[in-house]
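Text of run_7.csv (CSV, C-alpha atoms and all ligand atoms) as supplied:
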```csv
chain,number,residue,atom,x,y,z
C,193,MET,CA,0.0,0.0,0.0
C,194,GLU,CA,1.1,3.5,-0.8
C,195,VAL,CA,1.9,5.7,2.2
C,196,ALA,CA,1.2,9.4,2.4
C,197,LYS,CA,3.7,11.8,0.8
C,198,ARG,CA,4.2,13.5,4.1
C,199,LEU,CA,5.5,10.2,5.6
C,200,LYS,CA,7.9,9.7,2.7
C,201,SER,CA,9.2,13.2,3.0
C,202,ILE,CA,10.7,12.7,6.5
C,203,PRO,CA,13.9,10.7,7.1
C,204,PRO,CA,13.7,7.7,9.5
C,205,TYR,CA,14.1,8.7,13.2
C,206,VAL,CA,17.9,8.8,13.7
C,207,PHE,CA,17.9,7.0,17.0
C,208,ALA,CA,15.9,4.1,15.6
C,209,GLU,CA,18.5,3.7,12.8
C,210,ILE,CA,21.5,3.7,15.2
C,211,GLY,CA,19.7,1.4,17.5
C,212,LYS,CA,19.1,-1.1,14.6
C,213,LYS,CA,22.8,-1.2,13.7
C,214,ALA,CA,23.9,-1.6,17.3
C,215,GLN,CA,21.3,-4.3,17.9
C,216,ALA,CA,22.5,-6.3,14.9
C,217,LEU,CA,26.0,-6.3,16.4
C,218,ALA,CA,24.7,-7.2,19.8
C,219,ASP,CA,22.9,-10.1,18.3
C,220,THR,CA,26.3,-11.5,17.1
C,221,GLY,CA,27.5,-11.4,20.7
C,222,VAL,CA,29.3,-8.0,20.8
C,223,ASP,CA,29.1,-6.3,24.2
C,224,ILE,CA,27.8,-2.9,23.1
C,225,ILE,CA,28.4,0.2,25.3
C,226,ASN,CA,25.7,2.8,24.4
C,227,LEU,CA,27.0,6.4,24.8
C,228,GLY,CA,24.1,7.6,22.6
C,229,ILE,CA,21.3,7.3,25.1
C,230,GLY,CA,19.5,10.6,25.8
C,231,ALA,CA,17.5,9.5,28.9
C,232,PRO,CA,18.3,9.4,32.6
C,233,ASP,CA,19.5,5.9,33.7
C,234,GLN,CA,18.3,6.4,37.3
C,235,PRO,CA,14.8,5.5,38.4
C,236,THR,CA,12.0,8.0,39.0
C,237,PHE,CA,12.3,9.4,42.5
C,238,ARG,CA,10.7,7.3,45.3
C,239,HIS,CA,8.1,9.9,46.5
C,240,ILE,CA,6.7,10.2,42.9
C,241,VAL,CA,6.4,6.4,42.5
C,242,ASP,CA,4.7,6.2,45.9
C,243,ALA,CA,2.2,8.9,44.9
C,244,MET,CA,1.5,6.9,41.7
C,245,HIS,CA,0.8,3.8,43.8
C,246,GLU,CA,-1.8,5.6,45.8
C,247,ALA,CA,-3.4,7.5,42.9
C,248,ILE,CA,-3.9,4.4,40.8
C,249,GLU,CA,-6.0,2.8,43.5
C,250,LYS,CA,-8.6,5.6,43.2
C,251,PRO,CA,-11.3,5.0,40.6
C,252,ILE,CA,-11.6,8.8,39.9
C,253,ASN,CA,-8.2,8.6,38.4
C,254,HIS,CA,-9.3,5.9,35.9
C,255,LYS,CA,-11.5,8.3,34.1
C,256,TYR,CA,-10.8,10.6,31.2
C,257,PRO,CA,-8.9,13.6,32.4
C,258,PRO,CA,-10.1,17.1,31.7
C,259,PHE,CA,-8.5,18.8,28.6
C,260,GLY,CA,-5.5,20.8,29.4
C,261,GLY,CA,-4.7,19.2,32.8
C,262,THR,CA,-6.5,18.8,36.1
C,263,PRO,CA,-6.8,22.0,38.2
C,264,GLU,CA,-4.4,20.4,40.8
C,265,PHE,CA,-1.8,19.6,38.1
C,266,LYS,CA,-2.0,23.1,36.6
C,267,ASP,CA,-1.8,24.9,39.9
C,268,ALA,CA,1.2,22.8,41.1
C,269,ALA,CA,3.0,23.2,37.7
C,270,ALA,CA,2.4,27.0,37.7
C,271,LYS,CA,3.5,27.3,41.3
C,272,TRP,CA,6.7,25.3,40.5
C,273,VAL,CA,7.7,27.4,37.5
C,274,ASN,CA,6.7,30.6,39.2
C,275,ASP,CA,8.9,29.8,42.3
C,276,ARG,CA,11.7,28.3,40.3
C,277,PHE,CA,12.1,31.1,37.7
C,278,LYS,CA,10.5,34.1,39.6
C,279,ILE,CA,7.9,34.5,36.9
C,280,SER,CA,4.1,34.9,37.0
C,281,ILE,CA,2.2,32.2,35.0
C,282,ASP,CA,-1.6,32.0,35.4
C,283,PRO,CA,-2.4,28.3,35.6
C,284,LYS,CA,-5.9,29.0,34.1
C,285,THR,CA,-5.0,30.8,31.0
C,286,GLU,CA,-1.2,30.5,30.5
C,287,LEU,CA,-0.6,26.8,31.1
C,288,THR,CA,-1.6,23.5,29.5
C,289,SER,CA,-0.5,20.0,30.1
C,290,LEU,CA,1.4,17.9,27.6
C,291,ILE,CA,2.0,14.2,27.0
C,292,GLY,CA,5.7,15.1,27.1
C,293,GLY,CA,7.7,17.8,25.3
C,294,LYS,CA,7.9,15.9,22.0
C,295,GLU,CA,4.1,15.9,21.7
C,296,GLY,CA,4.0,19.6,22.6
C,297,ILE,CA,6.6,20.5,19.9
C,298,HIS,CA,4.7,18.5,17.2
C,299,HIS,CA,1.3,19.9,18.0
C,300,LEU,CA,2.5,23.5,18.4
C,301,ILE,CA,4.1,23.2,14.9
C,302,MET,CA,0.9,21.7,13.6
C,303,ALA,CA,-1.1,24.6,15.1
C,304,TYR,CA,1.1,27.3,13.5
C,305,VAL,CA,2.8,26.0,10.3
C,306,ASP,CA,0.9,25.8,7.0
C,307,GLN,CA,2.1,24.6,3.6
C,308,GLY,CA,4.7,27.1,2.4
C,309,ASP,CA,5.5,28.5,5.8
C,310,TYR,CA,8.9,28.5,7.3
C,311,ALA,CA,9.9,27.3,10.7
C,312,LEU,CA,13.2,28.6,12.0
C,313,ILE,CA,15.1,25.7,13.5
C,314,PRO,CA,18.5,25.5,15.1
C,315,ASP,CA,21.1,23.3,13.4
C,316,PRO,CA,22.1,21.0,15.0
C,317,ALA,CA,18.9,20.3,17.0
C,318,TYR,CA,16.6,17.8,18.5
C,319,PRO,CA,15.3,16.0,15.3
C,320,VAL,CA,11.6,16.5,16.1
C,321,TYR,CA,11.7,20.2,15.2
C,322,GLN,CA,12.5,19.4,11.6
C,323,SER,CA,10.4,16.3,11.2
C,324,SER,CA,7.3,18.0,12.6
C,325,THR,CA,7.8,21.0,10.4
C,326,MET,CA,7.9,18.6,7.4
C,327,LEU,CA,4.9,16.7,8.6
C,328,ALA,CA,3.0,20.0,8.7
C,329,GLY,CA,4.0,20.7,5.1
C,330,GLY,CA,6.3,23.6,6.1
C,331,THR,CA,9.9,24.3,5.2
C,332,PRO,CA,12.6,24.2,7.9
C,333,HIS,CA,15.1,27.0,7.7
C,334,PHE,CA,18.2,26.1,9.6
C,335,MET,CA,19.9,28.5,11.9
C,336,PRO,CA,23.5,27.2,12.2
C,337,LEU,CA,24.8,26.9,15.8
C,338,LEU,CA,28.5,27.5,15.4
C,339,PRO,CA,31.3,27.2,18.1
C,340,GLU,CA,32.5,30.7,17.5
C,341,ASN,CA,29.1,32.0,18.5
C,342,GLY,CA,28.9,29.8,21.5
C,343,PHE,CA,26.4,27.6,19.6
C,344,LEU,CA,23.8,30.4,19.6
C,345,PRO,CA,22.1,31.3,16.3
C,346,ASP,CA,22.9,34.5,14.6
C,347,PHE,CA,19.5,36.1,13.7
C,348,ASP,CA,21.2,38.6,11.3
C,349,GLN,CA,21.9,35.7,9.0
C,350,ILE,CA,18.2,34.9,8.5
C,351,PRO,CA,17.2,36.2,5.0
C,352,GLU,CA,14.5,38.8,5.1
C,353,ASP,CA,12.1,36.9,2.8
C,354,VAL,CA,12.5,33.8,5.1
C,355,ALA,CA,11.7,35.9,8.2
C,356,LYS,CA,8.6,37.2,6.4
C,357,LYS,CA,7.3,33.7,5.8
C,358,ALA,CA,8.4,32.2,9.2
C,359,LYS,CA,5.6,31.3,11.6
C,360,ILE,CA,7.6,29.8,14.5
C,361,MET,CA,11.2,29.8,15.8
C,362,LEU,CA,12.4,27.0,18.0
C,363,LEU,CA,15.2,27.5,20.6
C,364,ASN,CA,16.4,25.1,23.3
C,365,TYR,CA,18.9,26.2,26.0
C,366,PRO,CA,20.4,24.3,27.8
C,367,ASN,CA,20.9,22.7,24.4
C,368,ASN,CA,20.6,19.3,23.1
C,369,PRO,CA,23.0,18.2,21.4
C,370,THR,CA,25.6,20.9,22.0
C,371,ALA,CA,25.2,21.4,25.8
C,372,ALA,CA,25.4,25.2,25.2
C,373,VAL,CA,23.6,27.5,27.6
C,374,ALA,CA,22.2,31.0,26.8
C,375,ASP,CA,22.0,34.1,28.9
C,376,LEU,CA,19.2,36.7,29.1
C,377,LYS,CA,20.9,39.0,26.7
C,378,PHE,CA,20.6,36.4,24.0
C,379,PHE,CA,16.9,35.6,24.9
C,380,GLU,CA,16.2,39.4,24.7
C,381,LYS,CA,17.5,39.4,21.2
C,382,ALA,CA,15.4,36.4,20.3
C,383,VAL,CA,12.3,38.1,21.7
C,384,GLN,CA,13.0,41.3,19.9
C,385,TYR,CA,13.6,39.5,16.6
C,386,CYS,CA,10.4,37.5,16.9
C,387,LYS,CA,8.3,40.5,17.8
C,388,LYS,CA,9.7,42.4,14.9
C,389,HIS,CA,8.8,39.7,12.5
C,390,ASP,CA,5.6,38.5,14.2
C,391,ILE,CA,7.0,35.0,14.8
C,392,LEU,CA,5.9,32.6,17.6
C,393,LEU,CA,9.0,31.9,19.7
C,394,CYS,CA,9.0,28.4,21.2
C,395,HIS,CA,11.6,27.8,23.9
C,396,ASP,CA,12.1,24.1,24.7
C,397,LEU,CA,13.4,24.1,28.3
C,398,ALA,CA,13.7,20.3,28.6
C,399,TYR,CA,17.0,20.5,30.6
C,400,SER,CA,16.1,23.3,33.0
C,401,GLU,CA,17.1,21.4,36.2
C,402,MET,CA,20.1,19.5,34.8
C,403,THR,CA,22.7,22.2,35.5
C,404,PHE,CA,26.1,22.0,37.3
C,405,ASP,CA,28.6,24.0,39.2
C,406,GLY,CA,26.1,26.6,40.4
C,407,TYR,CA,24.7,27.4,37.0
C,408,LYS,CA,20.9,28.0,36.9
C,409,ALA,CA,19.1,28.0,33.6
C,410,PRO,CA,16.7,30.9,33.0
C,411,SER,CA,13.2,30.9,31.5
C,412,ILE,CA,12.4,32.9,28.4
C,413,PHE,CA,9.9,34.6,30.6
C,414,ASN,CA,12.7,36.2,32.5
C,415,VAL,CA,12.8,38.6,29.5
C,416,LYS,CA,10.3,41.5,29.8
C,417,GLY,CA,7.6,41.3,27.3
C,418,ALA,CA,8.4,37.7,26.2
C,419,LYS,CA,4.8,36.7,27.0
C,420,ASP,CA,3.6,38.7,24.0
C,421,ILE,CA,5.1,36.2,21.6
C,422,ALA,CA,6.6,33.2,23.4
C,423,ILE,CA,5.6,29.8,24.7
C,424,GLU,CA,7.9,27.6,26.7
C,425,LEU,CA,7.8,23.8,26.9
C,426,HIS,CA,8.6,22.0,30.1
C,427,THR,CA,8.9,18.3,30.7
C,428,LEU,CA,9.2,16.0,33.7
C,429,SER,CA,11.2,13.5,31.6
C,430,LYS,CA,14.7,14.7,32.3
C,431,SER,CA,14.3,16.7,35.5
C,432,PHE,CA,12.5,14.0,37.5
C,433,ASN,CA,13.8,10.8,35.6
C,434,MET,CA,10.3,10.4,34.2
C,435,THR,CA,10.9,9.7,30.5
C,436,GLY,CA,8.5,6.8,30.3
C,437,TRP,CA,5.6,8.6,32.1
C,438,ARG,CA,4.9,11.0,29.3
C,439,VAL,CA,4.1,14.3,31.1
C,440,GLY,CA,5.0,17.9,30.6
C,441,PHE,CA,3.4,21.3,30.2
C,442,ALA,CA,3.5,24.4,28.1
C,443,ILE,CA,3.5,28.0,29.5
C,444,GLY,CA,3.3,31.5,28.2
C,445,ASN,CA,1.3,33.5,25.7
C,446,ALA,CA,-2.4,32.8,26.4
C,447,GLU,CA,-3.4,32.7,22.8
C,448,ALA,CA,-0.6,30.3,21.8
C,449,VAL,CA,-1.4,28.1,24.8
C,450,ALA,CA,-5.1,28.1,23.8
C,451,ASN,CA,-4.2,27.2,20.2
C,452,LEU,CA,-2.0,24.4,21.3
C,453,ALA,CA,-4.7,23.1,23.7
C,454,LYS,CA,-7.3,23.3,20.9
C,455,ILE,CA,-5.3,21.2,18.4
C,456,LYS,CA,-4.6,18.7,21.2
C,457,SER,CA,-8.2,18.4,22.3
C,458,ASN,CA,-8.9,17.1,18.8
C,459,ILE,CA,-6.1,14.6,18.8
C,460,ASP,CA,-5.3,13.3,22.3
C,461,THR,CA,-7.1,13.0,25.6
C,462,ASP,CA,-4.4,14.3,27.9
C,463,VAL,CA,-2.2,12.7,30.5
C,464,PHE,CA,-3.5,9.8,32.6
C,465,ARG,CA,-4.9,11.3,35.8
C,466,ALA,CA,-2.8,9.1,38.1
C,467,ILE,CA,0.3,10.4,36.3
C,468,GLN,CA,-0.9,14.0,36.9
C,469,VAL,CA,-1.3,13.2,40.6
C,470,ALA,CA,2.2,11.8,40.7
C,471,SER,CA,3.5,14.9,38.8
C,472,VAL,CA,2.1,17.1,41.6
C,473,ALA,CA,4.2,15.0,44.0
C,474,ALA,CA,7.2,15.8,41.8
C,475,PHE,CA,6.5,19.5,41.7
C,476,GLU,CA,5.9,19.7,45.5
C,477,GLY,CA,8.7,17.3,46.5
C,478,PRO,CA,12.2,18.0,47.8
C,479,ARG,CA,14.9,19.0,45.3
C,480,ASP,CA,17.6,16.8,46.9
C,481,GLN,CA,17.2,14.0,44.5
C,482,ILE,CA,17.6,16.3,41.5
C,483,GLU,CA,20.8,17.5,43.1
C,484,HIS,CA,21.9,13.9,43.7
C,485,CYS,CA,21.4,13.0,40.1
C,486,ASN,CA,23.2,16.2,39.0
C,487,ASN,CA,26.2,15.2,41.1
C,488,LEU,CA,26.2,11.8,39.4
C,489,TYR,CA,26.3,13.5,36.0
C,490,ILE,CA,29.1,15.8,37.2
C,491,GLN,CA,31.2,12.7,38.3
C,492,ARG,CA,30.7,11.2,34.8
C,493,ARG,CA,31.4,14.4,33.1
C,494,ASP,CA,34.7,14.9,35.0
C,495,LEU,CA,35.6,11.3,34.1
C,496,ALA,CA,34.9,11.9,30.4
C,497,VAL,CA,36.8,15.2,30.4
C,498,LYS,CA,39.9,13.5,32.0
C,499,ARG,CA,39.9,10.4,29.7
C,500,LEU,CA,39.1,12.3,26.5
C,501,THR,CA,41.9,14.8,27.3
C,502,GLU,CA,44.3,11.8,27.6
C,503,LEU,CA,43.0,10.7,24.2
C,504,GLY,CA,43.9,14.0,22.7
C,505,TRP,CA,40.7,16.0,22.8
C,506,LYS,CA,40.4,19.6,24.0
C,507,VAL,CA,37.3,19.4,26.3
C,508,GLU,CA,35.6,22.0,28.4
C,509,PRO,CA,33.4,20.8,31.3
C,510,ILE,CA,29.7,21.3,30.4
C,511,LYS,CA,27.5,23.5,32.5
C,512,ALA,CA,24.2,21.7,31.8
C,513,THR,CA,22.5,18.7,30.1
C,514,PHE,CA,24.0,15.2,30.0
C,515,TYR,CA,25.5,15.6,26.5
C,516,MET,CA,29.0,16.4,25.3
C,517,TRP,CA,29.4,17.7,21.8
C,518,LEU,CA,32.8,16.8,20.6
C,519,PRO,CA,34.7,17.3,17.3
C,520,VAL,CA,35.6,14.1,15.5
C,521,PRO,CA,39.3,13.5,14.8
C,522,PRO,CA,40.5,15.8,11.9
C,523,GLY,CA,40.5,13.9,8.6
C,524,MET,CA,37.3,11.9,9.4
C,525,THR,CA,33.6,12.5,8.9
C,526,SER,CA,31.1,12.2,11.6
C,527,GLU,CA,29.7,9.1,10.0
C,528,GLU,CA,33.2,7.5,9.7
C,529,PHE,CA,34.0,8.1,13.3
C,530,SER,CA,30.7,6.9,14.6
C,531,ASN,CA,31.0,3.7,12.5
C,532,GLN,CA,34.6,3.1,13.7
C,533,MET,CA,33.5,3.5,17.3
C,534,LEU,CA,30.8,1.0,16.8
C,535,ASN,CA,32.5,-1.5,14.6
C,536,VAL,CA,36.0,-1.4,16.2
C,537,ALA,CA,35.1,-0.7,19.9
C,538,GLY,CA,31.5,-1.7,20.2
C,539,ILE,CA,30.6,1.9,21.4
C,540,VAL,CA,27.5,3.7,20.2
C,541,VAL,CA,27.9,7.5,19.6
C,542,PRO,CA,25.5,9.3,17.3
C,543,PRO,CA,27.2,11.2,14.4
C,544,GLY,CA,26.7,15.0,14.7
C,545,ASN,CA,25.2,15.3,11.2
C,546,ALA,CA,22.2,13.3,12.5
C,547,TYR,CA,21.2,16.5,14.2
C,548,GLY,CA,21.5,18.7,11.2
C,549,PRO,CA,24.1,19.6,8.5
C,550,SER,CA,26.1,21.9,10.9
C,551,GLY,CA,26.6,18.9,13.1
C,552,GLU,CA,29.0,17.5,10.6
C,553,GLY,CA,32.4,17.2,12.2
C,554,TYR,CA,31.0,16.4,15.6
C,555,PHE,CA,29.7,13.4,17.6
C,556,ARG,CA,27.5,13.4,20.7
C,557,LEU,CA,28.5,11.6,23.8
C,558,SER,CA,26.0,11.2,26.6
C,559,LEU,CA,26.5,10.7,30.4
C,560,CYS,CA,23.6,8.3,30.9
C,561,LEU,CA,25.7,5.3,31.8
C,562,GLY,CA,27.4,4.3,35.0
C,563,ALA,CA,31.0,5.5,35.5
C,564,ASP,CA,32.3,1.9,35.3
C,565,ARG,CA,30.8,1.4,31.8
C,566,MET,CA,32.0,4.8,30.7
C,567,ALA,CA,35.5,3.9,31.9
C,568,GLU,CA,35.3,0.7,30.0
C,569,ALA,CA,34.4,2.6,26.8
C,570,PHE,CA,37.4,4.9,27.2
C,571,ASP,CA,39.7,1.8,27.9
C,572,ARG,CA,38.5,0.3,24.6
C,573,MET,CA,39.1,3.6,22.7
C,574,ALA,CA,42.7,3.6,24.1
C,575,LYS,CA,43.2,-0.1,23.3
C,576,HIS,CA,42.0,0.3,19.7
C,577,SER,CA,43.9,3.6,19.1
C,578,ILE,CA,40.7,5.6,18.7
C,579,ASN,CA,42.0,9.1,19.6
C,580,PHE,CA,41.9,12.6,18.3
C,581,GLU,CA,45.0,12.1,16.1
C,582,MET,CA,43.7,8.9,14.4
C,583,GLY,CA,42.5,10.7,11.3
C,584,LYS,CA,45.8,12.4,10.7
C,585,ALA,CA,47.2,9.6,8.6
C,586,LYS,CA,44.6,10.4,5.9
C,587,ILE,CA,45.3,14.1,5.7
C,601,LIG,C1,14.2,14.9,25.7
C,601,LIG,C2,13.9,16.1,25.0
C,601,LIG,C3,12.6,16.6,24.8
C,601,LIG,C4,11.3,15.9,25.2
C,601,LIG,O1,11.2,14.8,25.9
C,601,LIG,P1,9.8,14.3,26.3
C,601,LIG,O2,10.1,13.0,26.9
C,601,LIG,O3,9.0,14.1,25.1
C,601,LIG,O4,9.2,15.3,27.2
C,601,LIG,C5,12.3,17.8,24.1
C,601,LIG,N1,13.3,18.5,23.7
C,601,LIG,C6,14.6,18.1,23.8
C,601,LIG,C7,15.6,19.0,23.3
C,601,LIG,C8,14.9,16.9,24.4
C,601,LIG,O5,16.2,16.6,24.5
```
Encoding of this model in structure tokens:
Amino acid sequence: MEVAKRLKSIPPYVFAEIGKKAQALADTGVDIINLGIGAPDQPTFRHIVDAMHEAIEKPINHKYPPFGGTPEFKDAAAKWVNDRFKISIDPKTELTSLIGGKEGIHHLIMAYVDQGDYALIPDPAYPVYQSSTMLAGGTPHFMPLLPENGFLPDFDQIPEDVAKKAKIMLLNYPNNPTAAVADLKFFEKAVQYCKKHDILLCHDLAYSEMTFDGYKAPSIFNVKGAKDIAIELHTLSKSFNMTGWRVGFAIGNAEAVANLAKIKSNIDTDVFRAIQVASVAAFEGPRDQIEHCNNLYIQRRDLAVKRLTELGWKVEPIKATFYMWLPVPPGMTSEEFSNQMLNVAGIVVPPGNAYGPSGEGYFRLSLCLGADRMAEAFDRMAKHSINFEMGKAKI
């Protein structure tokens, strides 16, 4: 049977492809170390799981939830962001629940992008920005994230005719895959640019709590006037080790929130009520377990910095996220390096170009494995002479 053109237009989801290659090797008995995982390895915090146990016993929680989230969920989520970022989100008009950030991104793009419209998308980026734009019939316009600009897009490089036809801009700081962070000055520029061109600014704040060494990530709503044109997506996936639960929320411009809620109400029927109850426990619970997990990521980061330095890389410790965005050895492509890592050492690292054309020349290494397994991966690299100089012979 013939599938729709829109499905043919999008490339296969990168992580599914890499997973297939790794699985084929694993099936032949190779012990694969996966440094490509983008999900916390630790379990959901105990008090959240306990709240779920209790909630699931109550028949009220077995029913359809109300569209946009239960009042308890919305109030607790608003209180959490308002306290955390010192902002003032009204839970009734400026917040709606999401079945995770990925769902929110897709439906927001479906709500704003028509055939022929542009979406301004960072390059490299979380692949969903591009695929959802294409599913909506829109055209992605890449904003390159370059090391010389601290992996922030340069809005002056966006052609005027593209800006005119752009409906939405996506930003994501702390950033996946580059681990870059943005300050308020940059967010101010983004808000100004989007106001000038009447573009909805969507800030994907998936890594707000995963920050290190005293760094605290800001919200786009720390910029005055941002609510006129911006919406911000939050998810419990990364902050509370809840990737499988599928829960998040969007905040910001009331009209954008309502439009997102409208499209959602025609497609899904919101988050399982028991999960919303458990989420309230997450919002109201202590922060110590977030800090505990962040310390774990810091230990792994420091290990990776030390071992990669020994292997010839110049590495700066990241301030946020559980990703390291590293150049491949000179003389090699991203694809070549990623394949070598897998075929020679049994290590999975996604090639940078899987996140966009400007990702060529990089690979992403994630800190979602125990330090022992990470150390084993670096041992294997040393043993098989996989180092920053390995491509030199070819130059
Ligand atoms: C993980 C991630 C998300 C969303 O994850 P959900 O589990 O769907 O909430 C969104 N954006 C980025 C950049 C991510 O890395």
*Could the residues that lie within 7 Å of ligand LIG 601 (chain C), counting all atoms listed in the file, be listed as a PyMOL selection string?*
chain C and resi 230+292-295+318+364+367-368+396+398+427-430+435+438-440
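Here the question is which of C:Thr403, C:Asn451, C:Asn414, C:Ser431 gets nearest to Gly296 of chain C using only C-alpha atoms, and that residue is C:Asn451.
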*If we count only C-alpha atoms, what is near Pro521 of chain C at a cut-off of 9 Å, once residues fewer than 6 positions away on the same chain are taken out, given as an MDAnalysis selection string?*
chainID C and resid 505 529 553:554 578:584
Pull C-alpha atoms from the residues just selected and write them as a compact mmCIF listing (two decimals), in the coordinates of the input.
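Below is the file that was written, result-v3.txt:
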```txt
# COMPACT_ATOMS: atom_id res chain seq x y z
CA TRP C 505 40.70 16.00 22.80
CA PHE C 529 34.00 8.10 13.30
CA GLY C 553 32.40 17.20 12.20
CA TYR C 554 31.00 16.40 15.60
CA ILE C 578 40.70 5.60 18.70
CA ASN C 579 42.00 9.10 19.60
CA PHE C 580 41.90 12.60 18.30
CA GLU C 581 45.00 12.10 16.10
CA MET C 582 43.70 8.90 14.40
CA GLY C 583 42.50 10.70 11.30
CA LYS C 584 45.80 12.40 10.70
```
*Give me, please, the distance in Å between atom CA of Glu502 of chain C and atom CA of Gly562 of chain C, quoted to one decimal.*
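Here the two named atoms are 19.9 Å from each other.
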_Using only C-alpha atoms for the distances, tell me which of C:Asp390, C:Glu447, C:Glu424, C:Glu483 is nearest to Met402 of chain C._
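For Met402 of chain C, the nearest of the given residues is C:Glu483.
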Determine, counting only C-alpha atoms, which protein, DNA and RNA residues have an atom within 12 Å of an atom of Val415 of chain C; residues of the same chain fewer than 5 positions away are not included. Present the result as a PDB file with C-alpha atoms, in the frame of the given file.
```pdb
ATOM      1  CA  PHE C 277      12.100  31.100  37.700  1.00  0.00           C
ATOM      2  CA  LYS C 278      10.500  34.100  39.600  1.00  0.00           C
ATOM      3  CA  ILE C 279       7.900  34.500  36.900  1.00  0.00           C
ATOM      4  CA  ASP C 375      22.000  34.100  28.900  1.00  0.00           C
ATOM      5  CA  LEU C 376      19.200  36.700  29.100  1.00  0.00           C
ATOM      6  CA  LYS C 377      20.900  39.000  26.700  1.00  0.00           C
ATOM      7  CA  PHE C 378      20.600  36.400  24.000  1.00  0.00           C
ATOM      8  CA  PHE C 379      16.900  35.600  24.900  1.00  0.00           C
ATOM      9  CA  GLU C 380      16.200  39.400  24.700  1.00  0.00           C
ATOM     10  CA  LYS C 381      17.500  39.400  21.200  1.00  0.00           C
ATOM     11  CA  ALA C 382      15.400  36.400  20.300  1.00  0.00           C
ATOM     12  CA  VAL C 383      12.300  38.100  21.700  1.00  0.00           C
ATOM     13  CA  GLN C 384      13.000  41.300  19.900  1.00  0.00           C
ATOM     14  CA  PRO C 410      16.700  30.900  33.000  1.00  0.00           C
ATOM     15  CA  ASP C 420       3.600  38.700  24.000  1.00  0.00           C
ATOM     16  CA  ILE C 421       5.100  36.200  21.600  1.00  0.00           C
ATOM     17  CA  ALA C 422       6.600  33.200  23.400  1.00  0.00           C
ATOM     18  CA  GLY C 444       3.300  31.500  28.200  1.00  0.00           C
TER      19      GLY C 444
END
```
*Mind pulling up the distance from atom CA of Lys575 of chain C to atom CA of Ile490 of chain C?*
25.4 Å
*Rank C:Pro251, C:Thr285, C:Phe555, C:Leu503 by their smallest atom-to-atom distance to Arg572 of chain C, using only C-alpha atoms, and report the top residue only.*
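Closest residue, counting only C-alpha atoms: C:Leu503.
Minimum distance to Pro232 of chain C across C:Gln307, C:Ser558, C:Asn445, C:Gln532 (counting all atoms listed in the file) occurs at C:Ser558.
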